[in-house]
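Colleague: Before I ask anything, let me first share the structure, which is written out below as C-alpha cells.
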Amino acid sequence: MPGRLIYRPLLFPPPENAETIRFAAGPAPRARAAAYPLITHTPYFSVWAFQATLTAAPTRYWAGKPQALEVVVRVDGRAYQFLGQGASGYRTTFAMAEEQSYPVRYTFQQPVAGWKRPALANSMGWKTGPAPFKSEPGRPGTAWTGRDVWVRRKANLAGAFVVLLWHDDNAEVYLNGVLLTKRAGADGQCDHIDVPAAGRAALCQGDNVLALNCANPQSGAHLDAGLYEELPAPRLPTARQMGVAVAATQTTSTFAASPVRLTVNFLSSLLLNELETVARPVSYVTFTAVAPNGQPHPTQVLLAEAGTLASDTPYQEVAARAGAAGPLRWQALGTVAQPVLAKTGDGRRIDWGYAYLAAPVGALLGTGVPQILKTTFASTRALPAAGPACAVPAQRVAQAAVLDLGHVAAQPVEKHLLLGYDEQYAVQYFGQNLRPWWRRGPATTMEQALAAAEADYARLRQKATAFGQ
C-alpha cells in the first residue's frame with residue numbers, strides 16, 4: 001500500500017519532561033506523541049494537550065501557557081472530567097499594572113544598603129510614578145531607558161501568595177527584605193512564582209513592602225509585578241481514557257464514563273487541495289456516545305472555552321457578544337482594547353479579534369466564571385443564569401456550550417460544536433495591516449464562515465477520515 005504523508009502545520013512541541021524514544025531490533029515499541037494537537041489553524045489559534053492522559057492538566061497554547069478547553073460529561077446525573085482541567089484562578093492582592101494602575105517609589109540610581117527593607121533609611125533620589133517600567137514609547141507607565149531600576153510599593157497583606165512577574169531582563173523580588181525570587185533573562189510574558197516559606201514568614205501586620213530591582217543590559221526593558229492568592233480549580237472524577245489517536249487532520253480520544261463510552265474528535269480541515277477550507281479558521285469538535293450494556297443512560301456534554309484564548313495575558317479585559325449564523329447560534333469573546341497587531345516578541349498570544357463557539361440550534365450557550373459554569377452543569381445539567389454583560393479579566397470568564405445527547409443506549413448518538421477565531425487582520429506588511437486569505441473580500445464575515453463550515457461538516461469529516469487512513 002502506498003505511504004501517506006501525516007501533515008500538521010505546527011510541529012509537536014515537546015514538554016520539558018519529554019522522553020527520548022530509542023528503537024531497537026524486534027517489534028516496534030509503542031510510541032506516543034510529545035503533544036496532541038486539538039486546534040491547529042495558525043500559531044495564534046492553536047490548542048494542544050501536553051499529557052498522554054488528556055484529563056491530567058489544562059490544555060495549552062503551543063508555547064506552553066494554559067489555553068484551557070474543558071469537556072465534562074454527565075451520565076446518569078454524575079459528572080466526569082473528560083478533557084483538560086481548569087487553570088487556577090488568582091485573587092488580587094497587589095495588582096499588576098495591566099490589571100490596575102498603581103503608583104510606586106522608584107529610582108534609577110544605586111540606592112543605599114537596606115533599600116529593600118520595610119523602613120527606607122534614606123529617601124533622597126526616590127521619585128513617585130506609575131508602573132510598569134518600560135522602554136516602549138507611547139504605552140502607559142514610566143519610561144525606563146537606563147540600565148537599572150529599583151522599585152518599592154506598600155500594601156496591607158494577609159494570606160498565601162504567588163508572585164506574578166514580568167521582567168526584562170534580570171530581576172530580584174523581595175518582600176519585607178526577604179528574597180522571593182531571582183530571575184535571569186526575559187521571556188516577554190508573566191511568570192507565576194510560588195512565594196517561599198521564608199517570604200510567607202516575613203509577612204507582618206500593617207504595611208508590607210514589595211521591593212524589586214531589574215537590570216536591563218541590552219535593548220528592550222519591562223518591569224511589573226504583583227502578588228496574588230491562588231484559587232485552585234474544582235476537581236471532578238475523571239473519565240477513564242481508553243485510547244487516543246492522531247491522524248493527518250484529526251485527533252480522536254475515547255473514554256469510559258461509568259456505563260457510557262464517549263469519543264471526542266477534533267477536526268481541523270487542513271486539506272491542502274481545498275484552499276478555502278484550509279484558510280477558514282474553524283475547527284469541529286464531535287462527540288459520539290454509546291452504552292455497551294444497551295441500557296438507556298441520560299447523557300449531556302459541556303465544553304468550556306477559556307477567555308484567555310482571546311487575550312495575551314490573563315488580566316486583559318474581555319467582553320462577550322452573541323448572534324446567529326444560518327442554522328447555528330454562536331457566542332464570542334474578545335478583548336475590550338482590541339490592540340490589532342500592536343505587540344511584538346516571542347511567546348505572545350493574540351489579543352485582538354474574537355474567539356467563537358458555535359452550535360446547532362438546540363444547544364445551550366452561555367458565558368460565566370469557569371468554575372461556576374462547571375459546577376452548575378455538574379449539579380443541574382444546565383448553565384447558570386446569564387449575568388450582566390460587562391468587561392472582566394480573561395482568566396475569570398469562559399464561554400460554554402451544553403449538548404444533550406438524550407438517553408444513550410446501544411445505538412451511537414453524535415453531536416458536534418464549532419470553534420473558530422476571527423482575527424480580522426493577520427499580518428502587518430510594511431506598516432499596513434492585511435486581512436487573512438479567507439477574509440479577502442471586504443464583505444466577508446465570520447458569520448458567513450461559520451455557516452459555510454456547518455454546511456461542509458459532513459463532507460469534510462468524511463474526506464478528512466479517508467485522507468488519514
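Each chain in the C-alpha cells gets a letter, A, B, ..., in the order shown, and its residues are numbered from 1; ligands are numbered from 1 in order too.
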Excluding same-chain residues fewer than 4 positions from Glu230 in chain A, what lies within 12 Å of it counting only C-alpha atoms, as a list in words?

Modeller: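 Result of the neighbour search: Ala87, Ser88, Gly89, Tyr90, Arg91, Thr92, Thr93, Gly159, Ala160, Phe161, Val162, Val163, Leu164, His192, Ile193, Asp194 and Val195 of chain A.
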
Colleague: With N, CA and C atoms retained, export the selected residues as a compact mmCIF listing (two decimals), in the first residue's frame.

Modeller:
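Wrote it out as selection-v9.txt, contents follow:
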# COMPACT_ATOMS: atom_id res chain seq x y z
N ALA A 87 -7.66 25.86 34.55
CA ALA A 87 -6.47 26.53 35.05
C ALA A 87 -6.80 27.23 36.36
N SER A 88 -5.82 27.33 37.25
CA SER A 88 -6.04 28.01 38.53
C SER A 88 -6.40 29.47 38.30
N GLY A 89 -7.28 29.99 39.15
CA GLY A 89 -7.56 31.41 39.15
C GLY A 89 -6.73 32.10 40.22
N TYR A 90 -6.76 33.44 40.22
CA TYR A 90 -5.95 34.18 41.18
C TYR A 90 -6.74 35.37 41.72
N ARG A 91 -6.75 35.52 43.06
CA ARG A 91 -7.38 36.67 43.69
C ARG A 91 -6.32 37.74 43.91
N THR A 92 -6.64 38.96 43.51
CA THR A 92 -5.66 40.04 43.53
C THR A 92 -5.37 40.52 44.94
N THR A 93 -4.07 40.63 45.25
CA THR A 93 -3.62 41.29 46.47
C THR A 93 -2.85 42.55 46.10
N GLY A 159 -2.38 36.25 54.06
CA GLY A 159 -2.64 35.05 53.26
C GLY A 159 -1.40 34.54 52.57
N ALA A 160 -1.63 33.57 51.67
CA ALA A 160 -0.55 32.91 50.93
C ALA A 160 -0.61 33.36 49.48
N PHE A 161 0.56 33.49 48.85
CA PHE A 161 0.60 34.17 47.57
C PHE A 161 1.47 33.46 46.54
N VAL A 162 1.24 33.86 45.29
CA VAL A 162 2.20 33.64 44.23
C VAL A 162 2.57 35.01 43.69
N VAL A 163 3.79 35.11 43.15
CA VAL A 163 4.24 36.34 42.51
C VAL A 163 3.97 36.23 41.02
N LEU A 164 3.36 37.26 40.46
CA LEU A 164 3.29 37.38 39.01
C LEU A 164 4.32 38.41 38.60
N HIS A 192 4.47 32.90 36.83
CA HIS A 192 3.83 32.64 38.12
C HIS A 192 4.85 31.94 39.01
N ILE A 193 5.18 32.55 40.14
CA ILE A 193 6.25 32.06 41.01
C ILE A 193 5.71 31.90 42.42
N ASP A 194 5.82 30.70 42.98
CA ASP A 194 5.36 30.46 44.35
C ASP A 194 6.22 31.24 45.34
N VAL A 195 5.57 31.85 46.33
CA VAL A 195 6.29 32.54 47.40
C VAL A 195 6.87 31.50 48.34

Colleague: Just want the 6 Å neighbourhood of Val149 in chain A, counted on only C-alpha atoms, with same-chain residues fewer than 6 positions away dropped. Output as an MDAnalysis selection string.

Modeller: chainID A and resid 107:108 213:214

Colleague: Show me, as a ChimeraX atom specification, the residues that have an atom within 8 Å of range 170-186 of chain A when counting only C-alpha atoms, minus same-chain residues fewer than 5 positions from it.

Modeller: /A:114,116-118,193,195-196,198-199,202-203,208-216

Colleague: Keeping only C-alpha atoms, take the residues you just selected and write them out as a PDB file, in the first residue's frame.

Modeller:
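out-v2.pdb, freshly written:
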ATOM      1  CA  GLY A 114      18.713  48.411  53.024  1.00  0.00           C
ATOM      2  CA  LYS A 116      14.554  46.581  50.144  1.00  0.00           C
ATOM      3  CA  ARG A 117      13.623  46.644  53.850  1.00  0.00           C
ATOM      4  CA  PRO A 118      10.271  47.973  55.132  1.00  0.00           C
ATOM      5  CA  ILE A 193       6.253  32.063  41.008  1.00  0.00           C
ATOM      6  CA  VAL A 195       6.286  32.543  47.396  1.00  0.00           C
ATOM      7  CA  PRO A 196       8.764  30.525  49.505  1.00  0.00           C
ATOM      8  CA  ALA A 198      10.641  32.454  54.259  1.00  0.00           C
ATOM      9  CA  GLY A 199       8.641  35.019  52.308  1.00  0.00           C
ATOM     10  CA  ALA A 202       8.107  37.735  56.605  1.00  0.00           C
ATOM     11  CA  LEU A 203       4.506  38.990  56.386  1.00  0.00           C
ATOM     12  CA  ASN A 208       4.341  45.298  53.884  1.00  0.00           C
ATOM     13  CA  VAL A 209       6.869  46.317  51.234  1.00  0.00           C
ATOM     14  CA  LEU A 210       7.380  44.618  47.874  1.00  0.00           C
ATOM     15  CA  ALA A 211      10.789  45.701  46.541  1.00  0.00           C
ATOM     16  CA  LEU A 212      12.236  44.954  43.107  1.00  0.00           C
ATOM     17  CA  ASN A 213      15.456  45.500  41.230  1.00  0.00           C
ATOM     18  CA  CYS A 214      15.651  44.908  37.496  1.00  0.00           C
ATOM     19  CA  ALA A 215      18.700  45.215  35.233  1.00  0.00           C
ATOM     20  CA  ASN A 216      18.468  45.823  31.507  1.00  0.00           C
TER      21      ASN A 216
END

Colleague: List the spatial neighbours of Lys463 in chain A as a list in words - criterion: any atom at most 12 Å away, only C-alpha atoms, same-chain residues fewer than 5 positions off excluded.

Modeller: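 In the requested format, the answer is Ala248, Thr249, Gln250, Leu267, Ser268, Ser269, Leu270, Leu271, Leu272, Asn273, Glu274, Asp456, Tyr457, Ala458, Gly468 and Gln469 of chain A.
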
Colleague: From the DSSP assignment of the backbone, select every residue of range 154-275 of chain A that is strand (DSSP E or B), and format the answer as a PyMOL selection string.

Modeller: chain A and resi 154-156+162-168+170-175+178-183+191-194+207-215+222-231+238+240-246+250-257+260-268

Colleague: Can you list, as a PyMOL selection string, every protein, DNA or RNA residue that comes within 12 Å of Glu276 in chain A when you count only C-alpha atoms, leaving out same-chain residues fewer than 6 positions away?

Modeller: chain A and resi 269-270+282+436-440+449+452-453+456

Colleague: Could you write those residues out with C-alpha atoms, as a PDB file, in the first residue's frame?

Modeller:
ATOM      1  CA  SER A 269      -9.957  20.776   7.893  1.00  0.00           C
ATOM      2  CA  LEU A 270      -6.384  21.247   6.664  1.00  0.00           C
ATOM      3  CA  VAL A 282     -12.992  26.920  12.080  1.00  0.00           C
ATOM      4  CA  PRO A 436      -6.278  36.798   6.225  1.00  0.00           C
ATOM      5  CA  TRP A 437      -6.983  34.981   2.960  1.00  0.00           C
ATOM      6  CA  TRP A 438     -10.451  33.804   3.947  1.00  0.00           C
ATOM      7  CA  ARG A 439     -11.431  37.436   4.680  1.00  0.00           C
ATOM      8  CA  ARG A 440     -10.017  38.888   1.462  1.00  0.00           C
ATOM      9  CA  ALA A 449     -17.554  31.441   7.556  1.00  0.00           C
ATOM     10  CA  ALA A 452     -20.200  27.634   5.376  1.00  0.00           C
ATOM     11  CA  ALA A 453     -18.280  25.421   7.822  1.00  0.00           C
ATOM     12  CA  ASP A 456     -19.382  21.457   4.853  1.00  0.00           C
TER      13      ASP A 456
END

Colleague: If you run DSSP on this backbone, which residues of range 149-258 of chain A come out as helix (DSSP H, G or I), and could you give them as a list in words?

Modeller: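 Here is the list: Ala197, Ala198, Gly199, Arg200 and Ala201 of chain A.
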
Colleague: Just to confirm, what's the straight-line distance from CA of Val75 in chain A to CA of Ala289 in chain A in Å (one decimal)?

Modeller: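 Between CA of Val75 in chain A and CA of Ala289 in chain A the gap is 10.4 Å.
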
Colleague: Between CA of Met124 in chain A and CA of Trp150 in chain A, what distance in Å does the model show, to one decimal?

Modeller: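 Pair CA of Met124 in chain A / CA of Trp150 in chain A returns 13.1 Å.
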
Colleague: For Ala324 in chain A, work out the shell of residues within 12 Å, counting only C-alpha atoms and skipping chain neighbours fewer than 4 positions away, then give it as a list in words.

Modeller: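 Counting only C-alpha atoms, the residues come to Leu328, Arg329, Trp330, Gln331, Ala332, Tyr356, Leu357, Ala358, Ala359, Pro360, Val361, Leu365, Met446, Glu447, Gln448, Ala449, Leu450 and Ala451 of chain A.
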
Colleague: How would the residues just chosen look if you wrote them out with N, CA and C atoms as a CSV table (one decimal), in the first residue's frame?

Modeller:
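Wrote selection23.csv, looks like this:
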chain,number,residue,atom,x,y,z
A,328,LEU,N,-26.9,28.0,12.9
A,328,LEU,CA,-26.1,28.0,14.2
A,328,LEU,C,-26.4,29.1,15.1
A,329,ARG,N,-26.2,28.9,16.4
A,329,ARG,CA,-26.1,30.0,17.3
A,329,ARG,C,-24.7,30.1,17.8
A,330,TRP,N,-24.2,31.3,18.0
A,330,TRP,CA,-22.8,31.5,18.4
A,330,TRP,C,-22.6,32.5,19.5
A,331,GLN,N,-21.5,32.4,20.2
A,331,GLN,CA,-21.1,33.5,21.1
A,331,GLN,C,-19.6,33.6,20.9
A,332,ALA,N,-19.1,34.8,21.3
A,332,ALA,CA,-17.7,35.1,21.1
A,332,ALA,C,-17.1,35.9,22.2
A,356,TYR,N,-14.7,32.3,18.8
A,356,TYR,CA,-16.1,31.9,18.6
A,356,TYR,C,-16.3,30.5,19.1
A,357,LEU,N,-17.5,30.3,19.6
A,357,LEU,CA,-18.0,28.9,20.0
A,357,LEU,C,-19.4,28.9,19.4
A,358,ALA,N,-19.7,27.9,18.5
A,358,ALA,CA,-21.0,27.9,17.8
A,358,ALA,C,-21.5,26.5,17.9
A,359,ALA,N,-22.9,26.4,17.8
A,359,ALA,CA,-23.5,25.1,18.0
A,359,ALA,C,-24.8,25.1,17.2
A,360,PRO,N,-25.3,24.0,16.6
A,360,PRO,CA,-26.6,23.9,16.0
A,360,PRO,C,-27.7,24.3,17.0
A,361,VAL,N,-28.8,24.8,16.5
A,361,VAL,CA,-29.9,25.2,17.3
A,361,VAL,C,-30.3,24.0,18.2
A,365,LEU,N,-26.0,27.8,25.2
A,365,LEU,CA,-24.8,28.6,25.2
A,365,LEU,C,-24.8,29.6,26.3
A,446,MET,N,-17.4,36.6,9.7
A,446,MET,CA,-17.3,35.4,10.5
A,446,MET,C,-18.5,34.6,10.5
A,447,GLU,N,-19.7,35.3,10.5
A,447,GLU,CA,-21.0,34.5,10.5
A,447,GLU,C,-21.1,33.7,9.2
A,448,GLN,N,-20.6,34.3,8.1
A,448,GLN,CA,-20.6,33.5,6.8
A,448,GLN,C,-19.7,32.4,6.9
A,449,ALA,N,-18.5,32.5,7.5
A,449,ALA,CA,-17.6,31.4,7.6
A,449,ALA,C,-18.1,30.3,8.4
A,450,LEU,N,-18.8,30.6,9.5
A,450,LEU,CA,-19.4,29.6,10.4
A,450,LEU,C,-20.5,28.9,9.6
A,451,ALA,N,-21.3,29.6,8.9
A,451,ALA,CA,-22.4,28.9,8.2
A,451,ALA,C,-21.9,28.0,7.1

Colleague: If you take only C-alpha atoms and a cut-off of 6 Å, which residues of range 216-335 of chain A touch range 378-392 of chain A, and what are their nearest atom pairs and distances in Å to one decimal, in chain and number order, as CSV?

Modeller:
residue,atom,partner,partner_atom,distance
A:Glu317,CA,A:Val392,CA,4.9
A:Val318,CA,A:Ala391,CA,5.3
A:Ala319,CA,A:Ala391,CA,4.7

Colleague: Please save C-alpha atoms of the selected residues as a PDB file, in the first residue's frame.

Modeller:
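After the write, again_20.pdb holds the following:
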ATOM      1  CA  GLU A 317     -10.404  42.675  30.000  1.00  0.00           C
ATOM      2  CA  VAL A 318     -12.610  40.747  27.592  1.00  0.00           C
ATOM      3  CA  ALA A 319     -16.274  41.122  26.679  1.00  0.00           C
TER       4      ALA A 319
END

Colleague: Could the residues of range 248-283 of chain A that have an atom at most 12 Å from range 402-411 of chain A be listed as a tab-separated table, each with its closest atom pair and the distance in Å to one decimal, counting only C-alpha atoms and ordered by chain and ascending residue number?

Modeller:
residue	atom	partner	partner_atom	distance
A:Pro259	CA	A:Ala409	CA	9.6
A:Val260	CA	A:Val408	CA	7.7
A:Arg261	CA	A:Val408	CA	9.7
A:Leu262	CA	A:Val408	CA	10.3

Colleague: Write a file of the just-selected residues containing N, CA and C atoms, as a PDB file, in the first residue's frame.

Modeller:
ATOM      1  N   PRO A 259     -21.243   3.724  32.621  1.00  0.00           N
ATOM      2  CA  PRO A 259     -21.659   2.730  31.625  1.00  0.00           C
ATOM      3  C   PRO A 259     -21.607   3.234  30.183  1.00  0.00           C
ATOM      4  N   VAL A 260     -21.204   4.507  29.971  1.00  0.00           N
ATOM      5  CA  VAL A 260     -21.209   5.090  28.625  1.00  0.00           C
ATOM      6  C   VAL A 260     -19.782   5.237  28.113  1.00  0.00           C
ATOM      7  N   ARG A 261     -19.601   4.893  26.846  1.00  0.00           N
ATOM      8  CA  ARG A 261     -18.317   5.110  26.172  1.00  0.00           C
ATOM      9  C   ARG A 261     -18.461   6.343  25.289  1.00  0.00           C
ATOM     10  N   LEU A 262     -17.578   7.309  25.501  1.00  0.00           N
ATOM     11  CA  LEU A 262     -17.679   8.600  24.807  1.00  0.00           C
ATOM     12  C   LEU A 262     -16.406   8.857  24.020  1.00  0.00           C
TER      13      LEU A 262
END

Colleague: If we count only C-alpha atoms, what is near Leu302 in chain A at a cut-off of 12 Å, once residues fewer than 6 positions away on the same chain are taken out, given as a ChimeraX atom specification?

Modeller: /A:69-75,79-83,285,287,359,363-366,370,373-378,380-383,398-405,415-417

Colleague: Which residue gives the smallest distance to Leu54 in chain A among A:Thr40, A:Thr251, A:Gln428, A:Gln109, with only C-alpha atoms counted?

Modeller: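 Using only C-alpha atoms, the shortest distance to Leu54 in chain A belongs to A:Thr251.
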